[in-house]
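Trainee: Structure file target_24.pdb, PDB, C-alpha atoms and all ligand atoms, is pasted below:
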```
ATOM      1  CA  MET S  78      -1.304  36.320   6.696  1.00  0.00           C
ATOM      2  CA  ALA S  79      -5.078  36.511   6.161  1.00  0.00           C
ATOM      3  CA  PHE S  80      -6.487  33.494   4.357  1.00  0.00           C
ATOM      4  CA  GLU S  81      -9.687  31.540   3.981  1.00  0.00           C
ATOM      5  CA  VAL S  82     -10.308  27.908   3.177  1.00  0.00           C
ATOM      6  CA  ARG S  83     -13.180  27.338   0.809  1.00  0.00           C
ATOM      7  CA  ALA S  84     -14.722  24.558  -1.214  1.00  0.00           C
ATOM      8  CA  ALA S  85     -13.536  24.441  -4.812  1.00  0.00           C
ATOM      9  CA  ARG S  86     -14.887  22.838  -7.958  1.00  0.00           C
ATOM     10  CA  TRP S  87     -12.584  21.032 -10.303  1.00  0.00           C
ATOM     11  CA  SER S  88     -14.554  22.420 -13.261  1.00  0.00           C
ATOM     12  CA  THR S  89     -13.847  26.051 -12.355  1.00  0.00           C
ATOM     13  CA  ASP S  90     -10.764  25.966 -10.076  1.00  0.00           C
ATOM     14  CA  HIS S  91      -8.676  23.296 -11.777  1.00  0.00           C
ATOM     15  CA  ASP S  92      -6.052  25.704 -13.148  1.00  0.00           C
ATOM     16  CA  ALA S  93      -5.248  27.070  -9.683  1.00  0.00           C
ATOM     17  CA  ILE S  94      -5.327  23.643  -8.022  1.00  0.00           C
ATOM     18  CA  ARG S  95      -3.124  22.152 -10.731  1.00  0.00           C
ATOM     19  CA  ALA S  96      -0.620  24.994 -10.345  1.00  0.00           C
ATOM     20  CA  VAL S  97      -0.199  24.331  -6.600  1.00  0.00           C
ATOM     21  CA  ARG S  98       0.085  20.553  -7.006  1.00  0.00           C
ATOM     22  CA  GLU S  99       2.448  20.886  -9.969  1.00  0.00           C
ATOM     23  CA  THR S 100       4.765  23.084  -7.861  1.00  0.00           C
ATOM     24  CA  VAL S 101       4.595  20.981  -4.693  1.00  0.00           C
ATOM     25  CA  PHE S 102       4.363  17.395  -5.925  1.00  0.00           C
ATOM     26  CA  VAL S 103       5.763  17.320  -9.461  1.00  0.00           C
ATOM     27  CA  VAL S 104       8.538  19.921  -9.100  1.00  0.00           C
ATOM     28  CA  GLU S 105       9.425  19.918  -5.369  1.00  0.00           C
ATOM     29  CA  GLN S 106       8.829  16.217  -4.638  1.00  0.00           C
ATOM     30  CA  SER S 107       9.569  14.802  -8.129  1.00  0.00           C
ATOM     31  CA  VAL S 108       6.300  12.850  -8.321  1.00  0.00           C
ATOM     32  CA  ASP S 109       5.671  11.363 -11.762  1.00  0.00           C
ATOM     33  CA  PRO S 110       3.006  13.568 -13.448  1.00  0.00           C
ATOM     34  CA  GLU S 111       1.164  10.445 -14.607  1.00  0.00           C
ATOM     35  CA  LEU S 112       0.695   9.424 -10.963  1.00  0.00           C
ATOM     36  CA  GLU S 113      -0.208  12.934  -9.845  1.00  0.00           C
ATOM     37  CA  TRP S 114      -2.939  13.358 -12.473  1.00  0.00           C
ATOM     38  CA  ASP S 115      -4.738  10.095 -11.731  1.00  0.00           C
ATOM     39  CA  GLY S 116      -8.106  10.953 -13.277  1.00  0.00           C
ATOM     40  CA  LEU S 117      -9.967  11.026  -9.928  1.00  0.00           C
ATOM     41  CA  ASP S 118     -10.114  14.806  -9.511  1.00  0.00           C
ATOM     42  CA  GLU S 119     -13.446  15.258 -11.258  1.00  0.00           C
ATOM     43  CA  GLN S 120     -15.049  12.886  -8.713  1.00  0.00           C
ATOM     44  CA  CYS S 121     -13.497  14.543  -5.639  1.00  0.00           C
ATOM     45  CA  HIS S 122     -14.515  17.316  -3.280  1.00  0.00           C
ATOM     46  CA  HIS S 123     -11.754  19.927  -3.298  1.00  0.00           C
ATOM     47  CA  ALA S 124     -10.716  22.623  -0.836  1.00  0.00           C
ATOM     48  CA  VAL S 125      -8.383  25.537  -1.467  1.00  0.00           C
ATOM     49  CA  VAL S 126      -6.611  28.161   0.626  1.00  0.00           C
ATOM     50  CA  GLN S 127      -7.206  31.604  -0.813  1.00  0.00           C
ATOM     51  CA  LEU S 128      -5.355  34.758   0.260  1.00  0.00           C
ATOM     52  CA  SER S 129      -7.124  38.110   0.551  1.00  0.00           C
ATOM     53  CA  ASP S 130      -5.663  39.129  -2.831  1.00  0.00           C
ATOM     54  CA  GLY S 131      -7.305  36.082  -4.446  1.00  0.00           C
ATOM     55  CA  ARG S 132      -4.210  33.903  -4.861  1.00  0.00           C
ATOM     56  CA  ILE S 133      -4.662  30.191  -4.207  1.00  0.00           C
ATOM     57  CA  VAL S 134      -1.680  28.795  -2.286  1.00  0.00           C
ATOM     58  CA  GLY S 135      -2.892  25.472  -0.895  1.00  0.00           C
ATOM     59  CA  THR S 136      -5.219  22.622  -1.669  1.00  0.00           C
ATOM     60  CA  GLY S 137      -6.474  19.163  -0.698  1.00  0.00           C
ATOM     61  CA  ARG S 138      -9.129  16.712  -1.869  1.00  0.00           C
ATOM     62  CA  LEU S 139     -11.645  14.198  -0.521  1.00  0.00           C
ATOM     63  CA  TRP S 140     -12.707  11.101  -2.420  1.00  0.00           C
ATOM     64  CA  CYS S 141     -15.714   9.147  -1.159  1.00  0.00           C
ATOM     65  CA  ASN S 142     -15.956   5.371  -1.207  1.00  0.00           C
ATOM     66  CA  GLY S 143     -19.012   4.015   0.597  1.00  0.00           C
ATOM     67  CA  ASP S 144     -18.987   5.605   4.052  1.00  0.00           C
ATOM     68  CA  GLU S 145     -15.231   6.166   4.015  1.00  0.00           C
ATOM     69  CA  GLY S 146     -13.613   9.379   2.819  1.00  0.00           C
ATOM     70  CA  LYS S 147     -10.087   9.328   1.489  1.00  0.00           C
ATOM     71  CA  ILE S 148      -8.166  12.569   1.937  1.00  0.00           C
ATOM     72  CA  GLY S 149      -5.243  13.298  -0.330  1.00  0.00           C
ATOM     73  CA  ARG S 150      -3.180  15.710  -2.404  1.00  0.00           C
ATOM     74  CA  MET S 151      -2.650  17.965   0.633  1.00  0.00           C
ATOM     75  CA  ALA S 152      -0.295  20.729  -0.465  1.00  0.00           C
ATOM     76  CA  VAL S 153       0.659  24.247   0.625  1.00  0.00           C
ATOM     77  CA  LEU S 154       3.216  26.247  -1.365  1.00  0.00           C
ATOM     78  CA  ARG S 155       6.515  26.162   0.511  1.00  0.00           C
ATOM     79  CA  GLU S 156       6.648  29.885   1.312  1.00  0.00           C
ATOM     80  CA  TYR S 157       3.246  29.730   3.058  1.00  0.00           C
ATOM     81  CA  ARG S 158       3.854  26.669   5.254  1.00  0.00           C
ATOM     82  CA  GLY S 159       3.810  26.734   9.043  1.00  0.00           C
ATOM     83  CA  GLN S 160       0.955  29.250   9.303  1.00  0.00           C
ATOM     84  CA  GLY S 161      -1.891  26.830   9.937  1.00  0.00           C
ATOM     85  CA  MET S 162      -3.084  26.598   6.338  1.00  0.00           C
ATOM     86  CA  GLY S 163      -2.493  22.845   6.006  1.00  0.00           C
ATOM     87  CA  LEU S 164      -4.378  22.080   9.200  1.00  0.00           C
ATOM     88  CA  ALA S 165      -7.204  24.388   8.109  1.00  0.00           C
ATOM     89  CA  ILE S 166      -7.537  22.485   4.803  1.00  0.00           C
ATOM     90  CA  LEU S 167      -7.556  19.175   6.660  1.00  0.00           C
ATOM     91  CA  GLU S 168     -10.240  20.313   9.127  1.00  0.00           C
ATOM     92  CA  PHE S 169     -12.309  21.666   6.240  1.00  0.00           C
ATOM     93  CA  LEU S 170     -12.154  18.324   4.401  1.00  0.00           C
ATOM     94  CA  LEU S 171     -13.014  16.414   7.591  1.00  0.00           C
ATOM     95  CA  GLU S 172     -16.043  18.659   8.099  1.00  0.00           C
ATOM     96  CA  THR S 173     -17.055  18.131   4.472  1.00  0.00           C
ATOM     97  CA  ALA S 174     -16.766  14.358   4.962  1.00  0.00           C
ATOM     98  CA  ARG S 175     -18.974  14.489   8.087  1.00  0.00           C
ATOM     99  CA  ARG S 176     -21.543  16.673   6.359  1.00  0.00           C
ATOM    100  CA  ILE S 177     -21.975  14.256   3.463  1.00  0.00           C
ATOM    101  CA  GLY S 178     -22.291  11.257   5.769  1.00  0.00           C
ATOM    102  CA  MET S 179     -18.853   9.684   5.815  1.00  0.00           C
ATOM    103  CA  ARG S 180     -18.170   7.649   8.973  1.00  0.00           C
ATOM    104  CA  ARG S 181     -14.393   7.304   8.684  1.00  0.00           C
ATOM    105  CA  ALA S 182     -11.522   9.100   7.005  1.00  0.00           C
ATOM    106  CA  ARG S 183      -8.308   7.556   5.773  1.00  0.00           C
ATOM    107  CA  LEU S 184      -5.234   8.768   3.985  1.00  0.00           C
ATOM    108  CA  ASN S 185      -1.798   7.683   2.912  1.00  0.00           C
ATOM    109  CA  ALA S 186       0.606   9.959   4.762  1.00  0.00           C
ATOM    110  CA  GLN S 187       4.127  10.687   3.665  1.00  0.00           C
ATOM    111  CA  THR S 188       6.086   9.554   6.711  1.00  0.00           C
ATOM    112  CA  HIS S 189       7.550  13.034   7.324  1.00  0.00           C
ATOM    113  CA  ALA S 190       3.970  14.312   7.755  1.00  0.00           C
ATOM    114  CA  LEU S 191       2.753  11.709  10.311  1.00  0.00           C
ATOM    115  CA  ASP S 192       2.922  14.256  13.158  1.00  0.00           C
ATOM    116  CA  PHE S 193       0.925  16.732  11.125  1.00  0.00           C
ATOM    117  CA  TYR S 194      -1.952  14.267  10.614  1.00  0.00           C
ATOM    118  CA  GLU S 195      -1.764  13.015  14.212  1.00  0.00           C
ATOM    119  CA  ARG S 196      -2.569  16.568  15.299  1.00  0.00           C
ATOM    120  CA  ALA S 197      -5.889  16.174  13.470  1.00  0.00           C
ATOM    121  CA  GLY S 198      -6.689  12.882  15.199  1.00  0.00           C
ATOM    122  CA  PHE S 199      -5.377  10.407  12.615  1.00  0.00           C
ATOM    123  CA  VAL S 200      -3.703   7.208  13.794  1.00  0.00           C
ATOM    124  CA  ALA S 201      -1.135   5.335  11.721  1.00  0.00           C
ATOM    125  CA  GLY S 202      -1.463   1.602  11.081  1.00  0.00           C
ATOM    126  CA  GLY S 203       0.289  -1.018   8.999  1.00  0.00           C
ATOM    127  CA  PRO S 204       3.773  -1.033   7.572  1.00  0.00           C
ATOM    128  CA  GLU S 205       5.580   1.661   5.622  1.00  0.00           C
ATOM    129  CA  PHE S 206       5.124   1.400   1.843  1.00  0.00           C
ATOM    130  CA  ASP S 207       6.298   3.209  -1.266  1.00  0.00           C
ATOM    131  CA  GLU S 208       3.970   5.436  -3.281  1.00  0.00           C
ATOM    132  CA  ALA S 209       5.320   7.621  -6.086  1.00  0.00           C
ATOM    133  CA  GLY S 210       8.839   6.934  -4.784  1.00  0.00           C
ATOM    134  CA  ILE S 211       8.038   8.411  -1.347  1.00  0.00           C
ATOM    135  CA  PRO S 212       7.658   6.397   1.910  1.00  0.00           C
ATOM    136  CA  HIS S 213       4.093   6.420   3.232  1.00  0.00           C
ATOM    137  CA  ARG S 214       1.936   4.907   5.979  1.00  0.00           C
ATOM    138  CA  GLN S 215      -1.819   4.449   6.115  1.00  0.00           C
ATOM    139  CA  MET S 216      -3.688   6.570   8.652  1.00  0.00           C
ATOM    140  CA  ARG S 217      -7.314   6.515   9.770  1.00  0.00           C
ATOM    141  CA  ARG S 218      -9.732   8.264  12.068  1.00  0.00           C
ATOM    142  CA  GLU S 219     -13.385   7.985  12.942  1.00  0.00           C
ATOM    143  CA  LEU S 220     -15.605  10.939  12.122  1.00  0.00           C
TER     144      LEU S 220
HETATM  145  N1  LIG S 301       5.941  17.189   9.641  1.00  0.00           N
HETATM  146  C1  LIG S 301       5.683  17.408  10.953  1.00  0.00           C
HETATM  147  N2  LIG S 301       4.907  18.400  11.411  1.00  0.00           N
HETATM  148  C2  LIG S 301       4.391  19.219  10.502  1.00  0.00           C
HETATM  149  C3  LIG S 301       4.621  19.066   9.112  1.00  0.00           C
HETATM  150  C4  LIG S 301       5.442  18.005   8.690  1.00  0.00           C
HETATM  151  N3  LIG S 301       5.705  17.774   7.392  1.00  0.00           N
HETATM  152  N4  LIG S 301       3.971  20.032   8.453  1.00  0.00           N
HETATM  153  C5  LIG S 301       3.363  20.766   9.407  1.00  0.00           C
HETATM  154  N5  LIG S 301       3.623  20.266  10.611  1.00  0.00           N
HETATM  155  C6  LIG S 301       3.143  20.773  11.900  1.00  0.00           C
HETATM  156  C7  LIG S 301       3.431  22.244  11.999  1.00  0.00           C
HETATM  157  O1  LIG S 301       4.682  22.461  12.617  1.00  0.00           O
HETATM  158  C8  LIG S 301       2.284  22.757  12.822  1.00  0.00           C
HETATM  159  O2  LIG S 301       2.569  22.612  14.174  1.00  0.00           O
HETATM  160  P1  LIG S 301       2.455  23.888  15.170  1.00  0.00           P
HETATM  161  O3  LIG S 301       0.995  24.247  15.175  1.00  0.00           O
HETATM  162  O4  LIG S 301       2.952  23.352  16.467  1.00  0.00           O
HETATM  163  O5  LIG S 301       3.301  24.928  14.579  1.00  0.00           O
HETATM  164  C9  LIG S 301       1.132  21.817  12.483  1.00  0.00           C
HETATM  165  O6  LIG S 301       1.718  20.631  11.926  1.00  0.00           O
HETATM  166  C10 LIG S 301       0.187  22.445  11.489  1.00  0.00           C
HETATM  167  O7  LIG S 301       0.919  22.834  10.379  1.00  0.00           O
HETATM  168  P2  LIG S 301       0.322  23.817   9.275  1.00  0.00           P
HETATM  169  O8  LIG S 301       1.014  25.116   9.320  1.00  0.00           O
HETATM  170  O9  LIG S 301      -1.160  23.808   9.351  1.00  0.00           O
HETATM  171  O10 LIG S 301       0.756  22.987   7.963  1.00  0.00           O
HETATM  172  P3  LIG S 301       1.267  23.598   6.588  1.00  0.00           P
HETATM  173  O11 LIG S 301       0.430  24.733   6.145  1.00  0.00           O
HETATM  174  O12 LIG S 301       2.731  23.805   6.683  1.00  0.00           O
HETATM  175  O13 LIG S 301       0.949  22.367   5.591  1.00  0.00           O
HETATM  176  C11 LIG S 301       1.646  20.328   4.538  1.00  0.00           C
HETATM  177  C12 LIG S 301       1.353  21.037   5.883  1.00  0.00           C
HETATM  178  C13 LIG S 301       2.012  18.869   4.864  1.00  0.00           C
HETATM  179  C14 LIG S 301       0.382  20.353   3.657  1.00  0.00           C
HETATM  180  C15 LIG S 301       2.812  21.073   3.853  1.00  0.00           C
HETATM  181  O14 LIG S 301       3.967  20.906   4.665  1.00  0.00           O
HETATM  182  C16 LIG S 301       3.132  20.595   2.451  1.00  0.00           C
HETATM  183  O15 LIG S 301       2.517  21.007   1.477  1.00  0.00           O
HETATM  184  N6  LIG S 301       4.133  19.711   2.332  1.00  0.00           N
HETATM  185  C17 LIG S 301       4.561  19.208   1.015  1.00  0.00           C
HETATM  186  C18 LIG S 301       3.523  18.270   0.421  1.00  0.00           C
HETATM  187  C19 LIG S 301       3.260  17.114   1.343  1.00  0.00           C
HETATM  188  O16 LIG S 301       4.168  16.496   1.859  1.00  0.00           O
HETATM  189  N7  LIG S 301       1.961  16.834   1.518  1.00  0.00           N
HETATM  190  C20 LIG S 301       1.516  15.774   2.394  1.00  0.00           C
HETATM  191  C21 LIG S 301       1.393  14.537   1.620  1.00  0.00           C
HETATM  192  S1  LIG S 301       0.882  13.190   2.674  1.00  0.00           S
END
```
Please express the file's structure as structure tokens.
Ligand code: COA

Mentor:
Amino acid sequence: MAFEVRAARWSTDHDAIRAVRETVFVVEQSVDPELEWDGLDEQCHHAVVQLSDGRIVGTGRLWCNGDEGKIGRMAVLREYRGQGMGLAILEFLLETARRIGMRRARLNAQTHALDFYERAGFVAGGPEFDEAGIPHRQMRREL
């Protein structure tokens, strides 16, 4: 399926981004909405996957802290998974982080997705921990 990954602004794309995250995190993964909507989105760089008909079916965000970028809220609607969209979002956010001068990237990976992030060069460290009721591990990579 033809798609593009593009930068998104929270101010103009928030309805579409919220719809994807609501479906994937709040409904599919039962994340508490108060944790999902943590108030950081306005400060983040966002990326979305857009189909040729305009529909937005995936998203992710980058939050900058000093020279470290934190990637999070990576989500692709279930019916579009396994087509390279998730990896394309991740690469886009890593490129964004490099462009704005970040030296390292980190993220909290749901343990089922460790392999996915390892494919993009992330390395897990530290023990497993609970976030939003889901087991996670920290992952990092140099940029
Ligand atoms: N576990 C292990 N491997 C995975 C994986 C997972 N959860 N998701 C994808 N992969 C693998 C794919 O098999 C693919 O490998 P291949 O190239 O050999 O086929 C590779 O990683 C790239 O996958 P891709 O198609 O780009 O990923 P996607 O579009 O399916 O999106 C997620 C990946 C994680 C964003 C998507 O599964 C999702 O939205 N999951 C629910 C929300 C979630 O868990 N987000 C992550 C929070 S840390």

Trainee: Could you tell me which residues the PyMOL selection byres (((chain S and resi 218) around 10) and not hetatm) grabs in this file, written as a list of chain:residue names?

Mentor: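 Taken on the displayed file, the PyMOL selection byres (((chain S and resi 218) around 10) and not hetatm) yields the residues S:Glu145, S:Leu171, S:Arg180, S:Arg181, S:Ala182, S:Arg183, S:Leu184, S:Tyr194, S:Glu195, S:Ala197, S:Gly198, S:Phe199, S:Val200, S:Ala201, S:Met216, S:Arg217, S:Glu219, S:Leu220.
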
Trainee: What would the selection look like, as a list of chain:residue names, if the PyMOL selection byres (((not hetatm)) within 7 of (chain S and resi 301)) were run on the coordinates I just shared?

Mentor: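 Expected selection for the PyMOL selection byres (((not hetatm)) within 7 of (chain S and resi 301)) here is S:Val101, S:Phe102, S:Gly149, S:Arg150, S:Met151, S:Ala152, S:Val153, S:Leu154, S:Arg155, S:Tyr157, S:Arg158, S:Gly159, S:Gln160, S:Gly161, S:Met162, S:Gly163, S:Leu164, S:Ala165, S:Asn185, S:Ala186, S:Gln187, S:His189, S:Ala190, S:Leu191, S:Asp192, S:Phe193, S:Arg196.
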
Trainee: Do you know which residues the PyMOL selection byres (((chain S and resi 140) around 9) and not hetatm) returns on this file, as a list in words?

Mentor: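 Output from the PyMOL selection byres (((chain S and resi 140) around 9) and not hetatm), applied to this file: Leu117, Asp118, Gln120, Cys121, His122, His123, Arg138, Leu139, Cys141, Asn142, Glu145, Gly146, Lys147, Ile148 and Gly149 of chain S.
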
Trainee: Calculate how many Å separate atom CA of Ile211 of chain S from atom CA of Ile94 of chain S, rounding to one decimal.

Mentor: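 Going from atom CA of Ile211 of chain S over to atom CA of Ile94 of chain S, I get 21.3 Å.
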
Trainee: Work out how far atom CA of Gly202 of chain S is from atom CA of Gly135 of chain S, in Å to one decimal.

Mentor: 26.7 Å

Trainee: What separation in Å, quoted to one decimal, exists between atom CA of Arg175 of chain S and atom CA of Gly143 of chain S?

Mentor: 12.9 Å

Trainee: Determine the nearest neighbour of Gln106 of chain S from the options S:Ala85, S:Ala209, S:Ala79, S:Ala174, counting all atoms listed in the file.

Mentor: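 Selected residue with least distance to Gln106 of chain S: S:Ala209.
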
Trainee: Quick one: of S:Asp207, S:Arg176, S:Arg214, S:Met78, who's nearest to Thr188 of chain S, counting all atoms listed in the file?

Mentor: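 Of the candidates, the smallest distance to Thr188 of chain S is held by S:Arg214.
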
Trainee: Determine the axis-aligned bounding box of all atoms of segment 104-111 of chain S present in the file, pad each side by 8 Å, and express its centre and edge lengths in Å to one decimal place as JSON.

Mentor:
```
{"center_x": 5.4, "center_y": 15.2, "center_z": -9.6, "size_x": 24.4, "size_y": 25.5, "size_z": 26.0}
```

Trainee: Taking all atoms listed in the file into account, which of S:Ala96, S:Val108, S:Val103, S:Leu167 comes nearest Arg83 of chain S?

Mentor: S:Leu167

Trainee: Out of S:Gly203, S:Gly178, S:Gly116, S:Gly131, which residue has the shortest atom-to-atom distance to Ala93 of chain S when counting only C-alpha atoms?

Mentor: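 Among the listed residues, S:Gly131 lies closest to Ala93 of chain S.
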
Trainee: (5.0, 3.8, 5.8) in this file's frame - what residues fall within 6 Å of it? Use only C-alpha atoms and give the answer as a PyMOL selection string.

Mentor: chain S and resi 188+204-206+212-214

Trainee: At a cut-off of 10 Å, using all atoms listed in the file, what residues contact Trp114 of chain S? Leave out same-chain residues fewer than 5 positions from it and give the result as a ChimeraX atom specification.

Mentor: /S:95,98-99,109

Trainee: So which one's closest to Met179 of chain S, S:Ser129, S:Ile166, S:Trp87, S:Asp144? Using all atoms listed in the file, please.

Mentor: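 Result for the nearest residue to Met179 of chain S: S:Asp144.
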
Trainee: Let me make sure I understand: among S:Val97, S:Ala84, S:Ile177, S:Leu112, which one has the smallest atom-to-atom distance to Val134 of chain S if we use all atoms listed in the file?

Mentor: S:Val97
